[in-house]
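**Student:** Can you read through this structure? Questions will come right after.
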Amino acid sequence: MSFTLSWYPKGTALRFEGRVDLAEINEANAALWRDPRFDDHCFSLWDLRKGDLSCIEMDQAKVLAAQDMAASLHAPRIRMVFLIADTYTREFTQEYIDYSLRMRTSWDFVIFQTEAEALAWLGLDSLGEPYAGLDKPCP
């Protein structure tokens, strides 16, 4: 597995390294969706700066957008933040965002290069401490 998933009081952070294929993106989504905290979190930070998505065909962005459209019915207020360094991943992610917006998802999306930019957009000083408990829902 080339990703890690951390739960925080208000959201999640997924960090990818190395070659990332569509199966791995689906595995990361499944890990989010099957956790009871998913319905109450407010943000999801996807750090793709060390990941290589070049093996994923561009048309798969539409499939991922459709899957996330369904997920947005359970968690309608998520702010999606993507940290990206390379051109292909930026183009793929922008394609995903464009499809998501055409599908009228309730989620917000942004692409940044640094975590500091992401935290500022989220209105956070830091992500906070990761936790494993289920007792801290998003306000």
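The chains in the structure tokens are called A, B, ... from first to last as shown; in each chain the residues are counted from 1, and the ligands are counted from 1 in the order shown.
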Taking the DSSP assignment computed from this structure's backbone, write out as a ChimeraX atom specification all residues of range 7-134 of chain A that belong to strand (DSSP E or B).

**Tutor:** /A:7,11-19,43-52,79-83,108-112

**Student:** Go through range 25-130 of chain A and collect every residue that DSSP, computed from the backbone, puts in alpha helix (DSSP H); the answer should be as a CSV table (one decimal) with C-alpha atoms, in the first residue's frame.

**Tutor:**
chain,number,residue,atom,x,y,z
A,25,ILE,CA,-7.5,5.2,-5.2
A,26,ASN,CA,-10.6,2.9,-4.8
A,27,GLU,CA,-9.0,1.3,-1.8
A,28,ALA,CA,-8.5,4.7,-0.2
A,29,ASN,CA,-12.1,5.7,-0.9
A,30,ALA,CA,-13.4,2.5,0.5
A,31,ALA,CA,-11.4,3.0,3.7
A,32,LEU,CA,-13.0,6.4,4.1
A,33,TRP,CA,-16.5,5.4,3.2
A,60,GLN,CA,-11.1,7.5,-15.1
A,61,ALA,CA,-11.6,10.9,-13.5
A,62,LYS,CA,-15.2,10.8,-14.5
A,63,VAL,CA,-15.7,7.4,-12.7
A,64,LEU,CA,-14.1,8.7,-9.5
A,65,ALA,CA,-16.3,11.8,-9.7
A,66,ALA,CA,-19.4,9.7,-10.0
A,67,GLN,CA,-18.4,7.5,-7.1
A,68,ASP,CA,-17.8,10.6,-4.9
A,69,MET,CA,-21.1,12.1,-6.0
A,70,ALA,CA,-22.8,9.1,-4.4
A,71,ALA,CA,-20.6,9.5,-1.3
A,72,SER,CA,-21.5,13.2,-1.0
A,87,THR,CA,1.6,18.3,-14.2
A,88,TYR,CA,-0.2,15.0,-15.0
A,89,THR,CA,-1.7,14.7,-11.5
A,90,ARG,CA,-2.8,18.3,-11.6
A,91,GLU,CA,-4.5,17.8,-15.0
A,92,PHE,CA,-6.1,14.5,-13.8
A,93,THR,CA,-7.4,16.1,-10.5
A,94,GLN,CA,-8.7,19.2,-12.4
A,95,GLU,CA,-10.6,16.8,-14.7
A,96,TYR,CA,-12.0,15.1,-11.6
A,97,ILE,CA,-13.1,18.4,-10.1
A,98,ASP,CA,-14.6,19.6,-13.4
A,99,TYR,CA,-16.7,16.4,-13.6
A,100,SER,CA,-17.7,16.6,-10.0
A,101,LEU,CA,-18.9,20.2,-10.4
A,102,ARG,CA,-20.9,19.2,-13.6
A,115,GLU,CA,0.1,22.2,3.2
A,116,ALA,CA,0.3,25.7,4.6
A,117,GLU,CA,-1.9,26.9,1.8
A,118,ALA,CA,-4.3,24.0,2.4
A,119,LEU,CA,-4.6,24.8,6.1
A,120,ALA,CA,-5.2,28.5,5.4
A,121,TRP,CA,-8.0,27.6,3.0
A,122,LEU,CA,-9.5,25.2,5.6

**Student:** Which one is closest to Arg49 in chain A: A:Leu73, A:Pro36, A:Phe3, A:Lys10? Count only C-alpha atoms.

**Tutor:**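 Ranking A:Leu73, A:Pro36, A:Phe3, A:Lys10 by distance to Arg49 in chain A, first place goes to A:Phe3.
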
**Student:** Set the distance at 9 Å and use only C-alpha atoms: which residues neighbour Gly11 in chain A once local chain neighbours fewer than 3 positions away are removed? I'd like the list as a PyMOL selection string.

**Tutor:** chain A and resi 6-8+37-38+40-45+78+127+138

**Student:** Write a file of the selected residues as a PDB file, in the first residue's frame, keeping C-alpha atoms.

**Tutor:**
ATOM      1  CA  SER A   6      -5.108   9.594   9.200  1.00  0.00           C
ATOM      2  CA  TRP A   7      -8.287  10.725  10.943  1.00  0.00           C
ATOM      3  CA  TYR A   8      -8.325  14.121  12.656  1.00  0.00           C
ATOM      4  CA  ARG A  37     -16.623   8.968  10.990  1.00  0.00           C
ATOM      5  CA  PHE A  38     -16.940   9.616   7.258  1.00  0.00           C
ATOM      6  CA  ASP A  40     -19.391  13.708   9.964  1.00  0.00           C
ATOM      7  CA  HIS A  41     -16.030  14.914   8.754  1.00  0.00           C
ATOM      8  CA  CYS A  42     -15.578  18.327   7.142  1.00  0.00           C
ATOM      9  CA  PHE A  43     -12.412  18.048   5.079  1.00  0.00           C
ATOM     10  CA  SER A  44     -10.300  15.530   3.242  1.00  0.00           C
ATOM     11  CA  LEU A  45      -6.734  16.428   2.350  1.00  0.00           C
ATOM     12  CA  ILE A  78     -16.696  17.985   2.735  1.00  0.00           C
ATOM     13  CA  LEU A 127      -4.615  19.452  11.300  1.00  0.00           C
ATOM     14  CA  CYS A 138     -17.290  17.703  13.117  1.00  0.00           C
TER      15      CYS A 138
END

**Student:** Can you measure CA of Trp46 in chain A to CA of Leu14 in chain A for me? One decimal in Å is fine.

**Tutor:** 4.9 Å

**Student:** Just the number, please: distance in Å from CA of Glu24 in chain A to CA of Met103 in chain A, one decimal.

**Tutor:**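 About the pair CA of Glu24 in chain A and CA of Met103 in chain A: they are 23.4 Å apart.
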